[in-house]
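This is structure.tsv (TSV, C-alpha atoms).
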chain	number	residue	atom	x	y	z
Z	285	MET	CA	-49.31	-269.61	-93.03
Z	286	PHE	CA	-49.94	-271.84	-95.97
Z	287	ILE	CA	-49.08	-275.24	-97.50
Z	288	ASN	CA	-50.20	-278.78	-98.25
Z	289	ILE	CA	-47.62	-281.49	-97.93
Z	290	ASN	CA	-47.32	-285.19	-98.62
Z	291	GLN	CA	-47.53	-287.87	-95.94
Z	292	GLN	CA	-43.79	-288.14	-95.42
Z	293	ILE	CA	-43.37	-284.43	-94.76
Z	294	LEU	CA	-46.41	-284.38	-92.47
Z	295	ARG	CA	-44.44	-286.49	-90.01
Z	296	ARG	CA	-41.43	-284.21	-90.12
Z	297	GLY	CA	-42.52	-281.10	-88.23
Z	298	GLY	CA	-39.27	-279.16	-88.62
Z	299	ILE	CA	-39.30	-279.46	-92.40
Z	300	MET	CA	-42.97	-278.57	-92.50
Z	301	LYS	CA	-42.49	-275.37	-90.49
Z	302	ARG	CA	-39.70	-274.21	-92.79
Z	303	LEU	CA	-41.79	-274.97	-95.86
Z	304	ILE	CA	-44.76	-273.09	-94.44
Z	305	VAL	CA	-42.69	-269.98	-93.72
Z	306	LEU	CA	-41.00	-270.18	-97.13
Z	307	THR	CA	-44.32	-270.52	-98.94
Z	308	ILE	CA	-45.79	-267.56	-97.08
Z	309	ALA	CA	-42.79	-265.42	-97.91
Z	310	ILE	CA	-43.06	-266.27	-101.61
Z	311	VAL	CA	-46.85	-265.80	-101.74
Z	312	ILE	CA	-46.89	-262.51	-99.85
Z	313	THR	CA	-43.91	-261.13	-101.75
Z	314	ILE	CA	-45.72	-261.79	-105.00
Z	315	GLY	CA	-48.84	-260.19	-103.55
Z	316	PHE	CA	-47.06	-256.98	-102.55
Z	317	MET	CA	-45.18	-256.81	-105.81
Z	318	GLY	CA	-48.48	-257.09	-107.63
Z	319	CYS	CA	-50.77	-254.87	-105.57
Z	320	ASN	CA	-49.79	-251.70	-107.40
Z	321	ALA	CA	-52.51	-250.71	-109.85
Z	322	GLN	CA	-49.98	-249.68	-112.53
Z	323	ASP	CA	-48.32	-253.09	-112.33
Z	324	LYS	CA	-51.69	-254.77	-112.77
Z	325	ASN	CA	-52.47	-252.67	-115.83
Z	326	GLN	CA	-49.09	-253.52	-117.36
Z	327	ALA	CA	-49.67	-257.20	-116.71
Z	328	THR	CA	-53.06	-257.01	-118.41
Z	329	GLU	CA	-51.52	-255.23	-121.41
Z	330	LYS	CA	-48.97	-258.04	-121.71
Z	331	GLY	CA	-51.73	-260.64	-121.69
Z	332	ILE	CA	-50.99	-261.95	-118.18
Z	333	ALA	CA	-54.32	-262.60	-116.52
Z	334	ALA	CA	-54.77	-261.92	-112.83
Z	335	PRO	CA	-55.33	-265.16	-110.87
Z	336	ALA	CA	-58.97	-266.19	-110.92
Z	337	ARG	CA	-60.91	-266.22	-107.67
Z	338	PRO	CA	-60.96	-269.78	-106.32
Z	339	SER	CA	-64.33	-271.42	-105.81
Z	340	ASP	CA	-65.99	-271.18	-102.43
Z	341	ALA	CA	-65.24	-274.88	-101.97
Z	342	ASP	CA	-61.51	-274.38	-102.61
Z	343	LEU	CA	-61.38	-271.37	-100.28
Z	344	MET	CA	-62.95	-273.42	-97.49
Z	345	ALA	CA	-60.68	-276.40	-98.18
Z	346	PHE	CA	-57.64	-274.13	-98.10
Z	347	LYS	CA	-58.59	-272.86	-94.65
Z	348	VAL	CA	-59.23	-276.35	-93.26
Z	349	TYR	CA	-56.12	-277.78	-94.92
Z	350	HIS	CA	-53.79	-275.19	-93.45
Z	351	HIS	CA	-55.29	-275.37	-89.98
Z	352	MET	CA	-54.98	-279.15	-89.76
Z	353	MET	CA	-51.37	-279.10	-91.00
Z	354	TYR	CA	-50.61	-276.61	-88.26
Z	355	MET	CA	-52.27	-278.95	-85.76
Z	356	VAL	CA	-49.96	-281.81	-86.78
Z	357	THR	CA	-46.91	-279.61	-86.29
Z	358	THR	CA	-48.10	-278.28	-82.93
Z	359	ALA	CA	-48.89	-281.75	-81.59
Z	360	GLU	CA	-45.44	-282.91	-82.63
Z	361	GLN	CA	-43.80	-279.93	-80.92
Z	362	ALA	CA	-45.69	-280.69	-77.70
Z	363	GLY	CA	-44.93	-284.40	-77.77
Z	364	GLY	CA	-48.46	-285.49	-78.62
Z	365	THR	CA	-52.05	-284.37	-78.27
Z	366	ASN	CA	-53.32	-283.17	-74.89
Z	367	LYS	CA	-49.91	-281.82	-73.94
Z	368	LEU	CA	-49.13	-278.16	-73.30
Z	369	PHE	CA	-46.53	-276.41	-75.43
Z	370	HIS	CA	-45.19	-273.18	-73.92
Z	371	THR	CA	-43.40	-270.49	-75.89
Z	372	ARG	CA	-40.84	-268.80	-73.64
Z	373	GLN	CA	-39.53	-265.98	-75.80
Z	374	LEU	CA	-41.11	-263.17	-77.77
Z	375	PRO	CA	-40.75	-263.83	-81.53
Z	376	THR	CA	-38.44	-260.90	-82.30
Z	377	GLU	CA	-35.80	-262.64	-84.43
Z	378	GLY	CA	-37.82	-262.90	-87.65
Z	379	THR	CA	-37.87	-266.70	-87.73
Z	380	ASP	CA	-41.08	-267.57	-85.92
Z	381	PRO	CA	-43.19	-270.30	-87.62
Z	382	VAL	CA	-46.29	-268.17	-86.98
Z	383	VAL	CA	-46.54	-265.29	-89.44
Z	384	THR	CA	-47.42	-261.78	-88.27
Z	385	PRO	CA	-46.71	-262.89	-84.68
Z	386	ALA	CA	-48.01	-260.70	-81.88
Z	387	LEU	CA	-45.38	-259.40	-79.45
Z	388	ASP	CA	-47.95	-258.62	-76.77
Z	389	HIS	CA	-47.85	-262.02	-75.10
Z	390	ILE	CA	-46.28	-265.46	-75.03
Z	391	TYR	CA	-48.33	-268.53	-75.78
Z	392	THR	CA	-49.38	-271.80	-74.25
Z	393	LYS	CA	-50.91	-274.10	-76.86
Z	394	ALA	CA	-52.27	-277.63	-77.14
Z	395	VAL	CA	-53.97	-279.83	-79.69
Z	396	ILE	CA	-56.91	-281.24	-77.73
Z	397	ASP	CA	-57.94	-284.85	-78.37
Z	398	LEU	CA	-61.45	-285.76	-77.18
Z	399	SER	CA	-61.59	-289.19	-78.84
Z	400	GLU	CA	-60.89	-290.96	-75.51
Z	401	GLY	CA	-62.88	-288.68	-73.23
Z	402	PRO	CA	-63.01	-285.16	-71.79
Z	403	VAL	CA	-59.98	-282.93	-71.32
Z	404	ILE	CA	-59.69	-280.73	-68.25
Z	405	VAL	CA	-57.73	-277.46	-68.29
Z	406	GLU	CA	-57.04	-275.69	-64.99
Z	407	MET	CA	-56.36	-271.96	-65.28
Z	408	PRO	CA	-54.62	-270.03	-62.48
Z	409	LYS	CA	-55.93	-266.74	-61.14
Z	410	VAL	CA	-53.88	-263.78	-62.37
Z	411	THR	CA	-53.86	-261.00	-59.80
Z	412	ASP	CA	-51.50	-258.37	-61.25
Z	413	GLY	CA	-53.98	-256.96	-63.79
Z	414	ARG	CA	-52.23	-258.23	-66.89
Z	415	TYR	CA	-54.16	-259.44	-69.94
Z	416	TYR	CA	-54.66	-263.21	-69.96
Z	417	SER	CA	-57.02	-265.25	-72.13
Z	418	ILE	CA	-58.21	-268.64	-73.29
Z	419	HIS	CA	-59.26	-269.22	-76.90
Z	420	ILE	CA	-60.66	-272.44	-78.38
Z	421	THR	CA	-60.89	-273.00	-82.13
Z	422	ASP	CA	-62.52	-275.95	-83.89
Z	423	GLN	CA	-61.25	-278.01	-86.81
Z	424	GLU	CA	-62.91	-275.75	-89.38
Z	425	HIS	CA	-61.10	-272.70	-87.88
Z	426	TYR	CA	-64.13	-271.19	-86.15
Z	427	THR	CA	-63.91	-269.82	-82.61
Z	428	ILE	CA	-66.03	-271.88	-80.20
Z	429	TYR	CA	-64.95	-270.19	-76.95
Z	430	ASP	CA	-62.92	-267.21	-75.78
Z	431	GLU	CA	-62.60	-265.48	-72.42
Z	432	ILE	CA	-60.43	-262.77	-70.89
Z	433	HIS	CA	-59.07	-263.47	-67.40
Z	434	PRO	CA	-60.22	-267.10	-67.16
Z	435	VAL	CA	-59.87	-268.87	-63.83
Z	436	GLY	CA	-60.67	-272.34	-62.53
Z	437	LYS	CA	-61.44	-275.60	-64.35
Z	438	TYR	CA	-62.56	-275.84	-67.97
Z	439	ALA	CA	-63.88	-279.14	-69.30
Z	440	LEU	CA	-63.69	-279.69	-73.05
Z	441	VAL	CA	-66.18	-282.33	-74.20
Z	442	ARG	CA	-67.34	-283.76	-77.51
Z	443	LYS	CA	-70.72	-282.36	-78.44
Z	444	GLY	CA	-73.39	-285.06	-78.48
Z	445	LYS	CA	-71.42	-287.47	-76.27
Z	446	THR	CA	-71.92	-288.12	-72.57
Z	447	MET	CA	-68.72	-287.25	-70.74
Z	448	ALA	CA	-68.19	-286.89	-66.99
Z	449	VAL	CA	-66.80	-283.50	-65.94
Z	450	PRO	CA	-65.69	-282.06	-62.58
Z	451	GLU	CA	-68.35	-280.28	-60.55
Z	452	GLY	CA	-68.23	-276.54	-61.08
Z	453	ALA	CA	-66.15	-276.71	-64.27
Z	454	THR	CA	-66.95	-274.47	-67.23
Z	455	VAL	CA	-68.04	-276.89	-69.96
Z	456	ILE	CA	-66.94	-276.17	-73.54
Z	457	GLU	CA	-68.59	-278.31	-76.22
Z	458	SER	CA	-66.57	-279.04	-79.33
Z	459	PRO	CA	-68.19	-280.23	-82.58
Z	460	GLY	CA	-65.04	-282.28	-83.30
Z	461	ASP	CA	-62.47	-284.47	-81.62
Z	462	TYR	CA	-59.59	-282.04	-82.15
Z	463	PRO	CA	-60.16	-278.46	-81.00
Z	464	HIS	CA	-57.16	-276.17	-80.49
Z	465	LEU	CA	-56.36	-274.58	-77.12
Z	466	PHE	CA	-54.62	-271.18	-77.20
Z	467	ILE	CA	-53.68	-269.36	-73.99
Z	468	ARG	CA	-52.14	-265.89	-74.20
Z	469	ILE	CA	-50.44	-264.15	-71.27
Z	470	GLN	CA	-49.45	-260.52	-71.67
Z	471	VAL	CA	-45.79	-259.48	-71.60
Z	472	ARG	CA	-45.58	-255.73	-71.01
Z	473	THR	CA	-41.83	-255.36	-71.64
Z	474	PRO	CA	-38.99	-257.84	-72.30
Z	475	GLU	CA	-38.01	-257.54	-68.64
Z	476	ASP	CA	-41.52	-258.71	-67.71
Z	477	LEU	CA	-40.99	-262.19	-69.19
Z	478	GLU	CA	-39.71	-263.66	-65.93
Z	479	ASN	CA	-43.02	-262.74	-64.30
Z	480	VAL	CA	-44.99	-264.68	-66.91
Z	481	TYR	CA	-43.21	-268.03	-66.79
Z	482	PRO	CA	-44.65	-268.99	-63.36
Z	483	LEU	CA	-48.16	-268.27	-64.66
Z	484	GLN	CA	-47.62	-270.56	-67.66
Z	485	ASP	CA	-46.32	-273.29	-65.39
Z	486	LYS	CA	-49.49	-273.15	-63.28
Z	487	VAL	CA	-51.69	-274.12	-66.23
Z	488	VAL	CA	-52.59	-277.82	-65.93
Z	489	LEU	CA	-54.06	-280.04	-68.67
Z	490	THR	CA	-55.40	-283.53	-68.00
Z	491	GLY	CA	-56.22	-285.90	-70.86
Z	492	ILE	CA	-55.05	-289.00	-72.72
Z	493	SER	CA	-52.19	-288.14	-75.08
Z	494	LYS	CA	-51.63	-289.73	-78.49
Z	495	GLU	CA	-49.74	-289.02	-81.70
Z	496	LEU	CA	-51.66	-287.02	-84.31
Z	497	THR	CA	-51.18	-288.39	-87.82
Z	498	ILE	CA	-53.16	-287.03	-90.76
Z	499	ASP	CA	-52.86	-288.42	-94.29
Z	500	ASN	CA	-55.56	-286.23	-95.84
Z	501	PRO	CA	-56.63	-283.07	-93.96
Z	502	ILE	CA	-59.99	-282.87	-95.71
Z	503	SER	CA	-61.08	-286.47	-95.15
Z	504	HIS	CA	-59.78	-286.28	-91.57
Z	505	THR	CA	-61.95	-283.22	-90.98
Z	506	ILE	CA	-64.97	-284.96	-92.46
Z	507	GLN	CA	-64.47	-288.08	-90.34
Z	508	THR	CA	-63.54	-286.66	-86.92
Z	509	PRO	CA	-65.87	-283.70	-86.31
Z	510	ASP	CA	-69.53	-283.11	-86.93
Z	511	VAL	CA	-69.04	-280.75	-89.85
Z	512	TYR	CA	-71.41	-277.79	-89.65
Z	513	PRO	CA	-74.51	-278.60	-91.74
Z	514	GLN	CA	-74.03	-275.55	-93.95
Z	515	ASN	CA	-70.49	-276.73	-94.76
Z	516	THR	CA	-71.00	-280.49	-95.09
Z	517	GLU	CA	-71.64	-280.69	-98.81
Z	518	ILE	CA	-69.05	-278.11	-99.82
Z	519	ILE	CA	-66.23	-279.69	-97.77
Z	520	ALA	CA	-67.12	-283.18	-99.03
Z	521	SER	CA	-66.72	-281.91	-102.60
Z	522	THR	CA	-63.05	-281.05	-101.95
Z	523	ILE	CA	-61.90	-284.48	-100.71
Z	524	ASN	CA	-59.15	-284.49	-103.38
Z	525	PHE	CA	-57.85	-280.99	-102.57
Z	526	SER	CA	-54.15	-281.33	-103.44
Z	527	LYS	CA	-50.81	-279.69	-102.79
Z	528	GLU	CA	-51.12	-277.87	-106.09
Z	529	ASP	CA	-54.59	-276.65	-105.13
Z	530	TYR	CA	-53.24	-275.40	-101.84
Z	531	LEU	CA	-50.44	-273.44	-103.49
Z	532	ARG	CA	-52.81	-272.04	-106.11
Z	533	VAL	CA	-55.20	-270.70	-103.48
Z	534	SER	CA	-52.23	-269.49	-101.39
Z	535	LYS	CA	-51.08	-267.36	-104.30
Z	536	TYR	CA	-54.53	-265.87	-104.74
Z	537	ILE	CA	-54.76	-265.01	-101.03
Z	538	GLY	CA	-51.27	-263.48	-101.13
Z	539	ASP	CA	-52.06	-261.40	-104.22
Z	540	ASN	CA	-55.25	-260.11	-102.62
Z	541	ALA	CA	-54.22	-259.85	-98.95
Z	542	PRO	CA	-54.36	-256.01	-98.78
Z	543	ARG	CA	-57.89	-256.01	-100.23
Z	544	ILE	CA	-59.21	-258.96	-98.23
Z	545	GLY	CA	-57.72	-257.58	-95.03
Z	546	ALA	CA	-58.83	-253.99	-95.58
Z	547	ASN	CA	-61.27	-254.22	-92.66
Z	548	GLY	CA	-58.83	-255.93	-90.33
Z	549	ASN	CA	-60.08	-259.07	-88.62
Z	550	ILE	CA	-63.76	-258.21	-89.01
Z	551	GLY	CA	-65.59	-261.36	-90.16
Z	552	MET	CA	-62.51	-263.59	-90.04
Z	553	PHE	CA	-62.35	-265.46	-86.74
Z	554	GLY	CA	-65.75	-265.53	-85.08
Z	555	PRO	CA	-67.97	-268.58	-84.53
Z	556	ILE	CA	-69.94	-270.20	-87.33
Z	557	ASP	CA	-72.95	-268.04	-86.44
Z	558	SER	CA	-70.98	-264.79	-86.06
Z	559	LYS	CA	-72.85	-261.57	-86.81
Z	560	GLU	CA	-69.69	-259.75	-87.86
Z	561	PRO	CA	-69.90	-258.30	-91.40
Z	562	GLY	CA	-68.37	-260.67	-93.94
Z	563	SER	CA	-68.29	-263.67	-91.63
Z	564	ASN	CA	-70.17	-265.78	-94.17
Z	565	ASP	CA	-67.84	-264.83	-97.02
Z	566	PRO	CA	-65.51	-267.79	-97.81
Z	567	GLU	CA	-62.89	-265.37	-99.17
Z	568	ILE	CA	-62.72	-263.43	-95.90
Z	569	ARG	CA	-62.59	-266.65	-93.88
Z	570	ALA	CA	-59.77	-267.96	-96.09
Z	571	GLY	CA	-57.96	-264.63	-95.77
Z	572	ALA	CA	-57.97	-265.19	-92.01
Z	573	ILE	CA	-55.21	-267.75	-92.50
Z	574	VAL	CA	-52.84	-264.79	-92.95
Z	575	GLY	CA	-53.56	-264.19	-89.25
Z	576	HIS	CA	-54.20	-267.81	-88.32
Z	577	LEU	CA	-55.91	-268.35	-84.93
Z	578	GLY	CA	-56.78	-264.70	-84.45
Z	579	PHE	CA	-59.52	-263.37	-82.20
Z	580	PRO	CA	-63.13	-262.45	-82.97
Z	581	LEU	CA	-63.76	-258.71	-83.12
Z	582	HIS	CA	-65.30	-258.39	-79.65
Z	583	HIS	CA	-62.06	-259.69	-78.11
Z	584	ALA	CA	-59.51	-257.76	-80.18
Z	585	TYR	CA	-59.45	-255.55	-83.27
Z	586	TYR	CA	-56.52	-255.94	-85.65
Z	587	THR	CA	-55.85	-253.16	-88.15
Z	588	PRO	CA	-53.27	-254.17	-90.78
Z	589	ASN	CA	-51.70	-251.21	-92.57
Z	590	PHE	CA	-50.15	-252.07	-95.93
Z	591	THR	CA	-50.23	-248.56	-97.36
Z	592	ASN	CA	-49.61	-244.97	-96.31
Z	593	CYS	CA	-52.34	-242.34	-96.07
Z	594	SER	CA	-52.07	-241.72	-99.82
Z	595	GLY	CA	-52.67	-245.37	-100.66
Z	596	GLU	CA	-49.05	-246.12	-101.57
Z	597	VAL	CA	-47.54	-249.46	-100.54
Z	598	LEU	CA	-45.24	-248.99	-97.55
Z	599	ASN	CA	-41.56	-249.28	-98.50
Z	600	GLY	CA	-38.41	-248.68	-96.50
Z	601	ASP	CA	-37.08	-246.17	-99.02
Z	602	LYS	CA	-39.72	-243.63	-98.05
Z	603	THR	CA	-40.08	-242.17	-94.55
Z	604	GLU	CA	-43.60	-242.43	-93.14
Z	605	VAL	CA	-45.11	-240.86	-90.02
Z	606	PHE	CA	-48.25	-242.08	-88.24
Z	607	THR	CA	-49.99	-240.76	-85.14
Z	608	ILE	CA	-52.26	-242.69	-82.80
Z	609	PRO	CA	-53.97	-241.72	-79.52
Z	610	ASN	CA	-52.40	-243.21	-76.42
Z	611	GLU	CA	-55.87	-243.83	-75.00
Z	612	PRO	CA	-58.01	-244.83	-77.99
Z	613	GLU	CA	-61.70	-244.22	-77.50
Z	614	GLY	CA	-63.64	-247.39	-76.83
Z	615	VAL	CA	-60.59	-249.58	-76.10
Z	616	GLU	CA	-60.95	-251.09	-72.63
Z	617	LEU	CA	-57.61	-252.85	-72.21
Z	618	PHE	CA	-54.52	-251.86	-74.22
Z	619	TRP	CA	-53.08	-251.29	-77.68
Z	620	SER	CA	-49.88	-252.22	-79.51
Z	621	LEU	CA	-48.23	-251.41	-82.83
Z	622	THR	CA	-45.97	-254.01	-84.46
Z	623	ARG	CA	-44.07	-253.72	-87.75
Z	624	TYR	CA	-43.32	-256.69	-90.05
Z	625	SER	CA	-41.36	-257.36	-93.22
Z	626	ALA	CA	-43.74	-257.89	-96.12
Z	627	LEU	CA	-41.22	-260.34	-97.58
Z	628	THR	CA	-41.20	-262.74	-94.63
Z	629	ARG	CA	-44.39	-261.75	-92.76
Z	630	ASN	CA	-42.20	-261.67	-89.68
Z	631	THR	CA	-40.28	-259.33	-87.40
Z	632	LEU	CA	-36.86	-257.85	-88.22
Z	633	SER	CA	-33.97	-259.44	-86.38
Z	634	GLY	CA	-31.89	-257.07	-84.26
Z	635	LYS	CA	-34.35	-254.18	-84.57
Z	636	ASN	CA	-37.17	-252.85	-82.44
Z	637	ASP	CA	-40.52	-254.10	-83.74
Z	638	LEU	CA	-43.01	-252.94	-81.11
Z	639	PHE	CA	-44.50	-249.88	-79.47
Z	640	ASN	CA	-47.25	-249.97	-76.88
Z	641	GLU	CA	-48.50	-248.01	-73.88
Z	642	TYR	CA	-45.79	-249.58	-71.73
Z	643	ASN	CA	-42.73	-248.41	-73.69
Z	644	THR	CA	-44.00	-244.99	-74.84
Z	645	LYS	CA	-45.21	-241.73	-73.32
Z	646	PRO	CA	-47.87	-239.54	-74.96
Z	647	ASP	CA	-47.15	-236.02	-76.14
Z	648	ALA	CA	-48.99	-232.95	-74.84
Z	649	ASN	CA	-51.97	-233.85	-77.03
Z	650	GLY	CA	-52.18	-237.40	-75.69
Z	651	ASN	CA	-50.80	-238.93	-78.90
Z	652	ILE	CA	-47.99	-241.28	-79.88
Z	653	THR	CA	-46.19	-240.41	-83.13
Z	654	VAL	CA	-44.16	-243.13	-84.85
Z	655	THR	CA	-41.67	-242.55	-87.67
Z	656	PHE	CA	-40.90	-245.46	-89.99
Z	657	SER	CA	-37.49	-244.82	-91.56
Z	658	ILE	CA	-34.05	-246.27	-92.22
Z	659	GLU	CA	-32.30	-243.80	-89.90
Z	660	ASP	CA	-33.39	-242.49	-86.51
Z	661	PRO	CA	-35.08	-239.11	-87.17
Z	662	LYS	CA	-34.09	-237.86	-83.70
Z	663	ASP	CA	-37.01	-235.46	-83.76
Z	664	GLY	CA	-38.85	-236.56	-80.64
Z	665	THR	CA	-41.03	-239.14	-82.40
Z	666	TYR	CA	-40.74	-242.85	-81.78
Z	667	TRP	CA	-38.47	-244.47	-84.36
Z	668	MET	CA	-39.54	-247.73	-86.00
Z	669	PRO	CA	-36.60	-248.95	-88.12
Z	670	VAL	CA	-37.25	-250.41	-91.57
Z	671	ASN	CA	-35.00	-251.94	-94.23
Z	672	ALA	CA	-34.00	-249.96	-97.30
Z	673	GLY	CA	-35.90	-250.98	-100.42
Z	674	GLU	CA	-38.02	-253.53	-98.55
Z	675	PRO	CA	-41.81	-253.44	-98.33
Z	676	TYR	CA	-43.26	-253.68	-94.86
Z	677	TYR	CA	-46.56	-253.38	-93.04
Z	678	PHE	CA	-47.69	-252.81	-89.49
Z	679	VAL	CA	-50.57	-254.04	-87.37
Z	680	ILE	CA	-52.22	-252.11	-84.55
Z	681	ARG	CA	-53.98	-254.38	-82.08
Z	682	TYR	CA	-56.70	-253.03	-79.80
Z	683	TYR	CA	-57.77	-255.39	-77.00
Z	684	LYS	CA	-61.42	-255.49	-75.95
Z	685	PRO	CA	-62.67	-252.72	-78.25
Z	686	ASP	CA	-66.10	-251.18	-78.42
Z	687	VAL	CA	-67.24	-252.72	-81.71
Z	688	ASP	CA	-69.38	-249.63	-82.39
Z	689	LYS	CA	-66.43	-247.24	-81.99
Z	690	LEU	CA	-63.54	-248.92	-83.81
Z	691	PRO	CA	-60.41	-246.76	-84.15
Z	692	ALA	CA	-59.68	-245.21	-87.53
Z	693	LYS	CA	-56.48	-245.55	-89.58
Z	694	PRO	CA	-53.65	-243.57	-87.95
Z	695	CYS	CA	-53.47	-240.76	-90.47
Z	696	LYS	CA	-53.16	-237.08	-89.55

Will you turn the file into structure tokens for me?
Amino acid sequence: MFININQQILRRGGIMKRLIVLTIAIVITIGFMGCNAQDKNQATEKGIAAPARPSDADLMAFKVYHHMMYMVTTAEQAGGTNKLFHTRQLPTEGTDPVVTPALDHIYTKAVIDLSEGPVIVEMPKVTDGRYYSIHITDQEHYTIYDEIHPVGKYALVRKGKTMAVPEGATVIESPGDYPHLFIRIQVRTPEDLENVYPLQDKVVLTGISKELTIDNPISHTIQTPDVYPQNTEIIASTINFSKEDYLRVSKYIGDNAPRIGANGNIGMFGPIDSKEPGSNDPEIRAGAIVGHLGFPLHHAYYTPNFTNCSGEVLNGDKTEVFTIPNEPEGVELFWSLTRYSALTRNTLSGKNDLFNEYNTKPDANGNITVTFSIEDPKDGTYWMPVNAGEPYYFVIRYYKPDVDKLPAKPCK
């Protein structure tokens, strides 16, 4: 989920997506290779210094830079701003441009453009009980609105401007001209996909569409939104944030991903005034780019697991077993467990990547036990295949958790 690119590449979305995925793979591979304490000690003995922590300004610029590059790509995929882009398949082939992709839902996305007036989004009513949500993120990668089971008309308007909206619409004020619309619709099993397509097709967006071209992500972000007062000076100081700066900060985030993400998504994705612990820490906010466009804690809790219960980095050469309750305390909706390659930050082509309450059955104790191994253990546990010699990680997602009763790591 990282990279700065020159103007020519910005206008070539396909190349950009491949570069982003390649950069992530390189950065995260380096991070996992270096997260072993013994390796760090050896590096120090050889006189190789660990990468210095970037300044708060660089961490904030990195976050803004990546998000706006993503916006250019997404607008190009959709055919312009204010146009819906539907994903129609679950990202199970290991090539998705989004890293650590969730397999719980398919997406409908749009880059909203409020420069010519309001944008109206009409959300259908979902009656079969499935999870369905709307999520709006601003240009500085802060959540400005999220809702489970939305229905009816939503009017996105530019804060501080007078814009006419339909009577009865839910009004969402954006501090900038280019918020991001993210709609997620749950897919319970692969066979359930055909039931989701009609729901996607019922989403309607009305607004004036234009091409999105950005020469400098930082100056664009300064000029088009009302930058939050607490961020104005620090973002202005990074106007010359370069490709090299982006890659430098990317490497630091990759090297430190297991530490920065130790508490899951807590503090990463909430609004500017979030009360989540760590939400004012620029390092945690920058680390959120590893899970770009994730949810605030009250909506979903993500628990990344990079190590086993002894603190060892997960690797396909060693069999690991984890147990989780089928009905986690304090989780109102549902849970899922997805495994990813640590080399690509993506799924494994041709192999099962996902377990959830829809494709498993609890044991007599109400638990689900998952074995991560090269070969099927055939012992009654659920087998999650991994590649020999390859580091991996898994993420458990809990939707609508009780923030005062967050589930613990799945160790016996």

(message) List as a PyMOL selection string the protein and nucleic acid residues near Lys393 (chain Z), meaning an atom at most 6 Å away when all atoms listed in the file are counted, but skip any in the same chain fewer than 5 places from it.
(response) chain Z and resi 368-369+465-466

(message) Report, in Å with one decimal, the straight-line distance from CA of Thr421 (chain Z) to CA of Gly545 (chain Z).
(response) 20.4 Å

(message) Ranking Z:Ile568, Z:Val488, Z:Met668, Z:Val403 by minimum distance to Ile537 (chain Z) and counting only C-alpha atoms, which one comes first?
(response)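 Closest to Ile537 (chain Z), using only C-alpha atoms: Z:Ile568.
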
(request) Using all atoms listed in the file, determine which residues lie at most 12 Å from His425 (chain Z), disregarding the query and same-chain residues fewer than 5 positions distant; provide the list as a PyMOL selection string. (result) chain Z and resi 344-352+354-355+419-420+458-460+462-465+505+511-512+552-556+566+569-573+575-580

(request) Pick out the closest residue to Ala439 (chain Z) from this set: Z:Asn643, Z:Thr665, Z:Thr454, Z:Gln507. Count all atoms listed in the file. (result)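 Closest residue, counting all atoms listed in the file: Z:Thr454.
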
(request) List the neighbours of Leu477 (chain Z) out to 8 Å using all atoms listed in the file; skip same-chain residues closer than 5 positions along the sequence, and give me the result as number ranges by chain. (result) Z: 372-373, 471

(message) Taking 6 positions as the minimum chain separation for residues in the same chain, which residues sit within 9 Å of Glu457 (chain Z) when counting all atoms listed in the file? Answer as a list in words.
(response) Ile428, Tyr429, Ala439, Leu440, Val441, Arg442, Lys443 and Gly444 of chain Z

(request) Quick one: pull the distance between CA of Glu613 (chain Z) and CA of Phe590 (chain Z), Å, one decimal. (result)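 Between these atoms lies a distance of 23.1 Å.
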
(message) Just checking: using all atoms listed in the file, which residue out of Z:Leu496, Z:Asp388, Z:Tyr677, Z:Leu581 ends up closest to Lys559 (chain Z)?
(response) Z:Leu581

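The space separating CA of Asp397 (chain Z) from CA of Gly491 (chain Z) comes to 7.8 Å.
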
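Comparing the minimum interatomic distances between Ser399 (chain Z) and each of Z:Ser503, Z:Gln361, Z:Lys437, Z:Thr508, counting all atoms listed in the file, we find that Z:Thr508 sits nearest.
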
(message) Measuring between all atoms listed in the file, which one of Z:Lys445, Z:Asp430, Z:Ala584, Z:Ala546 shows the shortest distance to Glu400 (chain Z)?
(response)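 Residue with the minimum atom-to-atom distance to Glu400 (chain Z): Z:Lys445.
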
(message) Could you check the closest approach to Asn549 (chain Z) for each of Z:Met353, Z:Val670, Z:Cys695, Z:Leu690 and tell me which residue wins, using all atoms listed in the file?
(response) Z:Leu690

(message) Applying 9 Å and all atoms listed in the file, which residues near Pro335 (chain Z) remain after dropping the ones on its own chain fewer than 3 positions away? List them as a list of chain:residue names.
(response)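 Near Pro335 (chain Z), the qualifying residues are Z:Pro338, Z:Arg532, Z:Lys535, Z:Tyr536, Z:Asp539.
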
Region 587-592 of chain Z: axis-aligned bounding box, 6 Å on each side, centre and edge lengths in Å, one decimal, as lines of an AutoDock Vina configuration file:
center_x = -52.7
center_y = -249.6
center_z = -92.8
size_x = 18.2
size_y = 21.2
size_z = 21.2

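Around the point (-48.0, -246.2, -100.4), within 12 Å and counting only C-alpha atoms, we find these residues: Phe316, Cys319, Asn320, Ala321, Pro542, Asn589, Phe590, Thr591, Asn592, Cys593, Ser594, Gly595, Glu596, Val597, Leu598, Asn599, Gly600, Asp601, Lys602, Thr603, Glu604, Pro675, Tyr676 and Tyr677 of chain Z.
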